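The file entry_23.cif contains mmCIF, C-alpha atoms and all ligand atoms:
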data_query
loop_
_atom_site.label_atom_id
_atom_site.label_comp_id
_atom_site.auth_asym_id
_atom_site.auth_seq_id
_atom_site.Cartn_x
_atom_site.Cartn_y
_atom_site.Cartn_z
CA MET A 1 0.00 0.00 0.00
CA ILE A 2 1.13 3.55 -0.64
CA ARG A 3 0.14 6.35 1.72
CA LYS A 4 1.43 9.71 2.88
CA ALA A 5 4.29 9.55 5.38
CA ARG A 6 3.47 10.19 9.04
CA PRO A 7 5.71 11.52 11.83
CA GLY A 8 6.00 8.01 13.32
CA ASP A 9 7.53 6.69 10.07
CA LEU A 10 10.52 8.97 9.89
CA GLU A 11 13.11 6.95 11.81
CA THR A 12 12.22 3.89 9.72
CA LEU A 13 12.85 5.95 6.58
CA GLN A 14 16.31 6.85 7.86
CA ALA A 15 17.04 3.16 8.48
CA ILE A 16 15.88 2.24 4.96
CA GLU A 17 18.16 4.92 3.51
CA VAL A 18 21.22 3.57 5.35
CA LEU A 19 20.50 -0.01 4.22
CA ALA A 20 19.79 0.96 0.59
CA GLY A 21 22.93 3.09 0.47
CA GLU A 22 25.10 0.00 0.90
CA ALA A 23 24.49 -0.90 -2.77
CA PHE A 24 26.67 2.04 -3.83
CA ARG A 25 29.79 0.31 -2.48
CA ALA A 26 29.53 -2.24 -5.31
CA VAL A 27 30.07 0.54 -7.86
CA GLY A 28 32.86 2.29 -5.95
CA LEU A 29 30.70 5.03 -4.45
CA ASP A 30 31.54 4.27 -0.83
CA ALA A 31 31.16 7.93 0.08
CA ILE A 32 27.50 7.76 -0.93
CA ALA A 33 27.01 4.64 1.19
CA ASP A 34 28.65 6.48 4.09
CA ASP A 35 26.43 9.56 3.73
CA ASP A 36 24.07 10.33 6.58
CA PRO A 37 20.40 9.73 5.78
CA PRO A 38 18.11 12.77 5.51
CA ASN A 39 17.78 14.32 8.96
CA LEU A 40 14.54 14.05 10.91
CA ASN A 41 13.76 17.76 10.57
CA ASP A 42 13.99 17.61 6.79
CA LEU A 43 11.91 14.43 6.67
CA ARG A 44 9.33 16.00 8.98
CA GLY A 45 9.18 19.04 6.69
CA TYR A 46 8.32 16.86 3.69
CA ALA A 47 5.75 14.90 5.71
CA VAL A 48 4.06 18.01 7.11
CA ALA A 49 3.94 19.56 3.63
CA GLY A 50 2.28 16.39 2.27
CA ARG A 51 5.15 15.72 -0.11
CA ALA A 52 6.43 12.43 1.36
CA TRP A 53 4.88 9.06 0.56
CA VAL A 54 5.69 5.59 1.85
CA ALA A 55 5.02 2.11 0.55
CA THR A 56 4.14 -0.13 3.47
CA ASP A 57 4.17 -3.83 4.30
CA SER A 58 1.29 -5.90 5.69
CA VAL A 59 1.62 -4.30 9.14
CA ASP A 60 1.73 -0.75 7.75
CA SER A 61 5.46 -0.37 8.32
CA PRO A 62 7.34 1.59 5.61
CA ILE A 63 9.48 -0.41 3.17
CA ALA A 64 10.17 2.45 0.74
CA TYR A 65 9.66 6.19 0.47
CA ILE A 66 9.71 9.13 -1.92
CA LEU A 67 10.23 12.84 -1.20
CA VAL A 68 9.14 15.60 -3.56
CA ASP A 69 9.80 19.33 -3.92
CA GLU A 70 7.57 21.57 -5.96
CA ILE A 71 9.66 23.57 -8.44
CA ASP A 72 9.03 25.19 -11.81
CA GLN A 73 5.35 24.07 -11.97
CA GLY A 74 6.64 20.53 -11.58
CA ALA A 75 7.33 17.83 -9.01
CA HIS A 76 11.04 17.34 -8.32
CA ILE A 77 11.82 13.93 -6.84
CA ALA A 78 14.38 14.69 -4.15
CA GLN A 79 14.71 11.07 -3.02
CA VAL A 80 13.26 7.67 -3.76
CA THR A 81 14.51 4.68 -1.81
CA VAL A 82 13.36 1.08 -1.49
CA HIS A 83 14.46 -1.30 1.27
CA PRO A 84 17.04 -3.58 -0.40
CA GLN A 85 15.09 -6.71 0.58
CA ARG A 86 12.11 -5.31 -1.32
CA SER A 87 13.89 -4.07 -4.43
CA ARG A 88 12.97 -5.07 -8.00
CA GLN A 89 9.33 -5.66 -7.14
CA GLY A 90 8.00 -2.54 -8.84
CA ILE A 91 7.79 -0.51 -5.62
CA GLY A 92 10.03 2.34 -6.88
CA LYS A 93 7.94 2.57 -10.02
CA ALA A 94 4.70 2.55 -8.01
CA LEU A 95 5.92 5.41 -5.81
CA ILE A 96 6.85 7.46 -8.88
CA GLU A 97 3.41 6.76 -10.38
CA GLU A 98 1.78 7.92 -7.13
CA VAL A 99 3.76 11.16 -7.34
CA GLU A 100 2.68 11.57 -10.95
CA ARG A 101 -0.99 11.19 -9.91
CA TRP A 102 -0.47 13.81 -7.20
CA ALA A 103 1.36 16.13 -9.63
CA ARG A 104 -1.49 15.80 -12.13
CA SER A 105 -4.06 16.60 -9.44
CA CYS A 106 -2.06 19.74 -8.58
CA GLY A 107 -1.84 20.81 -12.23
CA LEU A 108 1.92 20.24 -12.34
CA GLN A 109 3.43 19.51 -15.73
CA ALA A 110 6.59 17.47 -15.22
CA LEU A 111 8.55 15.20 -12.94
CA THR A 112 12.24 16.00 -12.60
CA LEU A 113 15.14 14.50 -10.68
CA THR A 114 18.92 14.46 -10.53
CA THR A 115 20.79 11.17 -10.43
CA PHE A 116 24.06 9.38 -11.17
CA SER A 117 24.35 8.75 -14.89
CA GLU A 118 26.46 5.60 -14.62
CA VAL A 119 24.90 3.75 -11.70
CA PRO A 120 22.70 0.99 -13.18
CA TRP A 121 19.78 1.58 -10.79
CA ASN A 122 19.91 5.35 -11.25
CA ALA A 123 19.82 7.06 -14.71
CA PRO A 124 19.35 3.81 -16.73
CA TYR A 125 16.49 2.84 -14.39
CA TYR A 126 14.75 6.21 -14.81
CA ALA A 127 15.28 6.02 -18.57
CA ARG A 128 13.37 2.72 -18.51
CA LEU A 129 10.56 4.58 -16.73
CA GLY A 130 10.41 7.18 -19.50
CA PHE A 131 12.61 9.92 -18.07
CA THR A 132 14.99 11.62 -20.49
CA GLU A 133 18.11 13.63 -19.79
CA LEU A 134 17.57 17.36 -19.69
CA PRO A 135 20.60 19.12 -21.20
CA GLU A 136 22.15 21.90 -19.14
CA PRO A 137 20.98 24.75 -21.41
CA GLN A 138 17.43 23.71 -20.53
CA TRP A 139 17.95 23.70 -16.77
CA THR A 140 15.86 26.26 -14.93
CA GLU A 141 17.25 28.44 -12.16
CA ASP A 142 15.86 26.01 -9.57
CA LEU A 143 17.50 23.02 -11.26
CA HIS A 144 20.84 24.87 -11.37
CA ARG A 145 20.45 25.63 -7.66
CA ILE A 146 19.75 21.97 -6.87
CA VAL A 147 22.74 20.73 -8.92
CA GLU A 148 25.01 23.29 -7.24
CA MET A 149 23.74 22.36 -3.79
CA GLU A 150 24.38 18.67 -4.50
CA ALA A 151 27.88 19.45 -5.81
CA SER A 152 28.60 21.32 -2.59
CA GLN A 153 27.65 18.13 -0.74
CA GLY A 154 30.22 16.15 -2.74
CA LEU A 155 27.84 14.47 -5.20
CA GLY A 156 29.47 16.21 -8.16
CA ALA A 157 32.52 13.92 -7.88
CA TRP A 158 30.72 11.41 -10.14
CA PRO A 159 28.81 12.10 -13.37
CA ARG A 160 25.27 13.22 -12.70
CA VAL A 161 22.35 14.12 -14.90
CA VAL A 162 19.09 16.00 -14.64
CA MET A 163 16.17 13.96 -15.96
CA ARG A 164 12.58 14.88 -16.77
CA ARG A 165 9.33 13.15 -17.64
CA ASN A 166 6.11 14.87 -18.66
CA VAL A 167 3.08 14.41 -16.47
CA THR A 168 0.60 12.70 -18.77
CA ALA A 169 -3.10 13.52 -19.00
CA GLY A 170 -3.98 10.35 -17.04
CA GLU A 171 -7.13 8.24 -17.06
C1 LIG A 201 16.41 2.96 -7.46
C2 LIG A 201 15.38 2.22 -6.63
C3 LIG A 201 14.49 3.24 -5.92
C4 LIG A 201 14.52 1.36 -7.57
O1 LIG A 201 13.44 0.79 -6.85
P1 LIG A 201 12.89 -0.67 -7.14
O2 LIG A 201 11.60 -0.82 -6.42
O3 LIG A 201 13.95 -1.67 -6.87
O4 LIG A 201 12.67 -0.59 -8.72
P2 LIG A 201 11.50 -1.23 -9.59
O5 LIG A 201 11.11 -2.55 -9.00
O6 LIG A 201 10.47 -0.22 -9.87
O7 LIG A 201 12.30 -1.48 -10.94
C5 LIG A 201 13.26 -2.49 -11.01
C6 LIG A 201 14.30 -2.03 -11.98
O8 LIG A 201 15.19 -1.12 -11.35
C7 LIG A 201 16.52 -1.34 -11.81
N1 LIG A 201 17.30 -1.85 -10.69
C8 LIG A 201 16.89 -1.94 -9.40
N2 LIG A 201 17.90 -2.42 -8.64
C9 LIG A 201 18.93 -2.63 -9.46
C10 LIG A 201 20.26 -3.10 -9.28
N3 LIG A 201 20.73 -3.44 -8.07
N4 LIG A 201 21.06 -3.19 -10.35
C11 LIG A 201 20.64 -2.84 -11.57
N5 LIG A 201 19.39 -2.37 -11.81
C12 LIG A 201 18.56 -2.27 -10.77
C13 LIG A 201 16.38 -2.37 -12.93
O9 LIG A 201 16.10 -1.64 -14.12
C14 LIG A 201 15.17 -3.14 -12.46
O10 LIG A 201 14.52 -3.85 -13.48
P3 LIG A 201 14.75 -5.44 -13.58
O11 LIG A 201 14.56 -6.01 -12.20
O12 LIG A 201 13.73 -5.86 -14.58
O13 LIG A 201 16.18 -5.58 -14.06
C15 LIG A 201 16.03 1.27 -5.61
O14 LIG A 201 16.94 0.42 -6.31
C16 LIG A 201 16.82 1.99 -4.51
O15 LIG A 201 16.26 2.35 -3.49
N6 LIG A 201 18.13 2.18 -4.71
C17 LIG A 201 18.99 2.80 -3.70
C18 LIG A 201 18.70 4.27 -3.54
C19 LIG A 201 18.78 5.00 -4.86
O16 LIG A 201 19.69 4.81 -5.65
N7 LIG A 201 17.79 5.86 -5.06
C20 LIG A 201 17.70 6.67 -6.26
C21 LIG A 201 18.51 7.91 -6.08
S1 LIG A 201 18.33 9.00 -7.51
#
Can the structure from this file be put into structure tokens for me?
Ligand SMILES: CC(C)(COP(=O)(O)OP(=O)(O)OC[C@H]1O[C@@H](n2cnc3c(N)ncnc32)[C@H](O)[C@@H]1OP(=O)(O)O)[C@@H](O)C(=O)NCCC(=O)NCCS
Amino acid sequence: MIRKARPGDLETLQAIEVLAGEAFRAVGLDAIADDDPPNLNDLRGYAVAGRAWVATDSVDSPIAYILVDEIDQGAHIAQVTVHPQRSRQGIGKALIEEVERWARSCGLQALTLTTFSEVPWNAPYYARLGFTELPEPQWTEDLHRIVEMEASQGLGAWPRVVMRRNVTAGE
């Protein structure tokens, strides 16, 4: 089931982030694996704003989550993470589809995100979901700000891309 995140979920989301981060060691991105998870204040901000969703197991405990910022009349996916024991079951895709439904209901026109271009479960995964790379000349001021902020956090040490997918008209 997918539902909005609640304050009681937030520590579980941090734990999921730490576990999922371990996968980056296999591609030499140990520094990403070692990164702290989003802090509780930031997570609470997304939850209070109604821009954090969780996928839950049979006892309503989160097994994955997605965080969204509203920028440029679009929904920017700041984070999407699935518990490694639940990966490759379509949960990431379902969370992104839930965000698209929400974006459509808000009249937003696009989904955007930034990601590592060469990590198999990052840019190639989003490409399979219909996202395409947005070349730098097409970045908005907000996207530039996000890329610069991420670079200042050390993410720019590996190739990254901005990707975009249109919000479709829906059913
Ligand atoms: C990226 C992520 C959210 C995908 O979620 P998911 O629920 O596993 O993905 P889905 O089930 O919707 O799609 C599965 C597809 O993802 C890709 N994928 C997922 N894990 C992968 C891995 N370890 N290696 C290669 N591709 C992978 C494949 O394309 C896979 O399709 P396949 O199983 O047919 O090969 C999840 O792998 C994750 O949390 N990763 C760690 C955190 C992260 O990188 N977040 C994104 C930051 S931009």
Site check for ligand LIG 201 (chain A): residues at most 9 Å away, all atoms listed in the file, as a PDB file with C-alpha atoms, in the coordinates of the input:
ATOM      1  CA  ILE A  16      15.880   2.240   4.960  1.00  0.00           C
ATOM      2  CA  GLU A  17      18.160   4.920   3.510  1.00  0.00           C
ATOM      3  CA  LEU A  19      20.500  -0.010   4.220  1.00  0.00           C
ATOM      4  CA  ALA A  20      19.790   0.960   0.590  1.00  0.00           C
ATOM      5  CA  GLY A  21      22.930   3.090   0.470  1.00  0.00           C
ATOM      6  CA  GLU A  22      25.100   0.000   0.900  1.00  0.00           C
ATOM      7  CA  ALA A  23      24.490  -0.900  -2.770  1.00  0.00           C
ATOM      8  CA  PHE A  24      26.670   2.040  -3.830  1.00  0.00           C
ATOM      9  CA  ALA A  64      10.170   2.450   0.740  1.00  0.00           C
ATOM     10  CA  TYR A  65       9.660   6.190   0.470  1.00  0.00           C
ATOM     11  CA  ILE A  66       9.710   9.130  -1.920  1.00  0.00           C
ATOM     12  CA  ILE A  77      11.820  13.930  -6.840  1.00  0.00           C
ATOM     13  CA  ALA A  78      14.380  14.690  -4.150  1.00  0.00           C
ATOM     14  CA  GLN A  79      14.710  11.070  -3.020  1.00  0.00           C
ATOM     15  CA  VAL A  80      13.260   7.670  -3.760  1.00  0.00           C
ATOM     16  CA  THR A  81      14.510   4.680  -1.810  1.00  0.00           C
ATOM     17  CA  VAL A  82      13.360   1.080  -1.490  1.00  0.00           C
ATOM     18  CA  HIS A  83      14.460  -1.300   1.270  1.00  0.00           C
ATOM     19  CA  PRO A  84      17.040  -3.580  -0.400  1.00  0.00           C
ATOM     20  CA  ARG A  86      12.110  -5.310  -1.320  1.00  0.00           C
ATOM     21  CA  SER A  87      13.890  -4.070  -4.430  1.00  0.00           C
ATOM     22  CA  ARG A  88      12.970  -5.070  -8.000  1.00  0.00           C
ATOM     23  CA  GLN A  89       9.330  -5.660  -7.140  1.00  0.00           C
ATOM     24  CA  GLY A  90       8.000  -2.540  -8.840  1.00  0.00           C
ATOM     25  CA  ILE A  91       7.790  -0.510  -5.620  1.00  0.00           C
ATOM     26  CA  GLY A  92      10.030   2.340  -6.880  1.00  0.00           C
ATOM     27  CA  LYS A  93       7.940   2.570 -10.020  1.00  0.00           C
ATOM     28  CA  ALA A  94       4.700   2.550  -8.010  1.00  0.00           C
ATOM     29  CA  LEU A  95       5.920   5.410  -5.810  1.00  0.00           C
ATOM     30  CA  ILE A  96       6.850   7.460  -8.880  1.00  0.00           C
ATOM     31  CA  LEU A 113      15.140  14.500 -10.680  1.00  0.00           C
ATOM     32  CA  THR A 114      18.920  14.460 -10.530  1.00  0.00           C
ATOM     33  CA  THR A 115      20.790  11.170 -10.430  1.00  0.00           C
ATOM     34  CA  PHE A 116      24.060   9.380 -11.170  1.00  0.00           C
ATOM     35  CA  VAL A 119      24.900   3.750 -11.700  1.00  0.00           C
ATOM     36  CA  PRO A 120      22.700   0.990 -13.180  1.00  0.00           C
ATOM     37  CA  TRP A 121      19.780   1.580 -10.790  1.00  0.00           C
ATOM     38  CA  ASN A 122      19.910   5.350 -11.250  1.00  0.00           C
ATOM     39  CA  ALA A 123      19.820   7.060 -14.710  1.00  0.00           C
ATOM     40  CA  PRO A 124      19.350   3.810 -16.730  1.00  0.00           C
ATOM     41  CA  TYR A 125      16.490   2.840 -14.390  1.00  0.00           C
ATOM     42  CA  TYR A 126      14.750   6.210 -14.810  1.00  0.00           C
ATOM     43  CA  ALA A 127      15.280   6.020 -18.570  1.00  0.00           C
ATOM     44  CA  ARG A 128      13.370   2.720 -18.510  1.00  0.00           C
ATOM     45  CA  LEU A 129      10.560   4.580 -16.730  1.00  0.00           C
TER      46      LEU A 129
END
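A straight line drawn from atom CA of A:Leu155 to atom CA of A:Leu29 is 9.9 Å long.
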| field | Atomic separation - atom CA of A:Ile146 relative to atom CA of A:Arg165, Å | value | 17.4 Å
| said: I need the residue nearest A:Leu43 from this list: A:Val99, A:Ala15, A:Met163, A:Leu67. Use only C-alpha atoms for the distance. | reply: A:Leu67
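Considering all atoms listed in the file, the residue among A:Ala26, A:Thr140, A:Thr168, A:Asp60 positioned nearest to A:Glu97 is A:Thr168.
Take the candidates A:Ile2, A:Cys106, A:Ala157, A:Leu111 and check each one against A:Asp57 using all atoms listed in the file; the shortest distance goes to A:Ile2.
For the pair atom CA of A:Thr112 and atom CA of A:Ala52, the separation is 15.5 Å.
Across A:Ala47, A:Gly28, A:Leu40, A:Met1, the tightest approach to A:Gln14 is made by A:Leu40 when counting all atoms listed in the file.
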Mind checking which residues fall within 12 Å of A:Gly156, counting only C-alpha atoms, ignoring those fewer than 2 positions away in the same chain, and posting them as a PDB file with C-alpha atoms, in the coordinates of the input?
ATOM      1  CA  LEU A  29      30.700   5.030  -4.450  1.00  0.00           C
ATOM      2  CA  ALA A  31      31.160   7.930   0.080  1.00  0.00           C
ATOM      3  CA  ILE A  32      27.500   7.760  -0.930  1.00  0.00           C
ATOM      4  CA  THR A 114      18.920  14.460 -10.530  1.00  0.00           C
ATOM      5  CA  THR A 115      20.790  11.170 -10.430  1.00  0.00           C
ATOM      6  CA  PHE A 116      24.060   9.380 -11.170  1.00  0.00           C
ATOM      7  CA  SER A 117      24.350   8.750 -14.890  1.00  0.00           C
ATOM      8  CA  ILE A 146      19.750  21.970  -6.870  1.00  0.00           C
ATOM      9  CA  VAL A 147      22.740  20.730  -8.920  1.00  0.00           C
ATOM     10  CA  GLU A 148      25.010  23.290  -7.240  1.00  0.00           C
ATOM     11  CA  MET A 149      23.740  22.360  -3.790  1.00  0.00           C
ATOM     12  CA  GLU A 150      24.380  18.670  -4.500  1.00  0.00           C
ATOM     13  CA  ALA A 151      27.880  19.450  -5.810  1.00  0.00           C
ATOM     14  CA  SER A 152      28.600  21.320  -2.590  1.00  0.00           C
ATOM     15  CA  GLN A 153      27.650  18.130  -0.740  1.00  0.00           C
ATOM     16  CA  GLY A 154      30.220  16.150  -2.740  1.00  0.00           C
ATOM     17  CA  TRP A 158      30.720  11.410 -10.140  1.00  0.00           C
ATOM     18  CA  PRO A 159      28.810  12.100 -13.370  1.00  0.00           C
ATOM     19  CA  ARG A 160      25.270  13.220 -12.700  1.00  0.00           C
ATOM     20  CA  VAL A 161      22.350  14.120 -14.900  1.00  0.00           C
TER      21      VAL A 161
END
Spatial neighbours of A:Ser105, 12 Å, all atoms listed in the file, chain gap at least 4 places, as a JSON list (two decimals) with C-alpha atoms, keeping the file's coordinate frame:
[["chain", "number", "residue", "atom", "x", "y", "z"],
["A", 74, "GLY", "CA", 6.64, 20.53, -11.58],
["A", 75, "ALA", "CA", 7.33, 17.83, -9.01],
["A", 98, "GLU", "CA", 1.78, 7.92, -7.13],
["A", 99, "VAL", "CA", 3.76, 11.16, -7.34],
["A", 100, "GLU", "CA", 2.68, 11.57, -10.95],
["A", 101, "ARG", "CA", -0.99, 11.19, -9.91],
["A", 109, "GLN", "CA", 3.43, 19.51, -15.73],
["A", 167, "VAL", "CA", 3.08, 14.41, -16.47],
["A", 168, "THR", "CA", 0.60, 12.70, -18.77],
["A", 169, "ALA", "CA", -3.10, 13.52, -19.00],
["A", 170, "GLY", "CA", -3.98, 10.35, -17.04],
["A", 171, "GLU", "CA", -7.13, 8.24, -17.06]]
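With all atoms listed in the file as the atoms that count, the minimum distance from A:Pro62 to the choices A:Gln138, A:Gln85, A:Thr12, A:Asn41 is reached by A:Thr12.
Minimum atom-to-atom distances from A:Arg3, A:Glu133, A:Arg44, A:Arg104 to A:Thr56 were compared using only C-alpha atoms, and the lowest value belongs to A:Arg3.
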Find the smallest box with edges along x, y and z containing every listed atom of stretch 132-140 of chain A, then add 6 Å on each side and report centre and edge lengths in Å to one decimal, as AutoDock Vina command-line options.
--center_x 18.6 --center_y 18.9 --center_z -18.2 --size_x 19.2 --size_y 26.6 --size_z 18.5
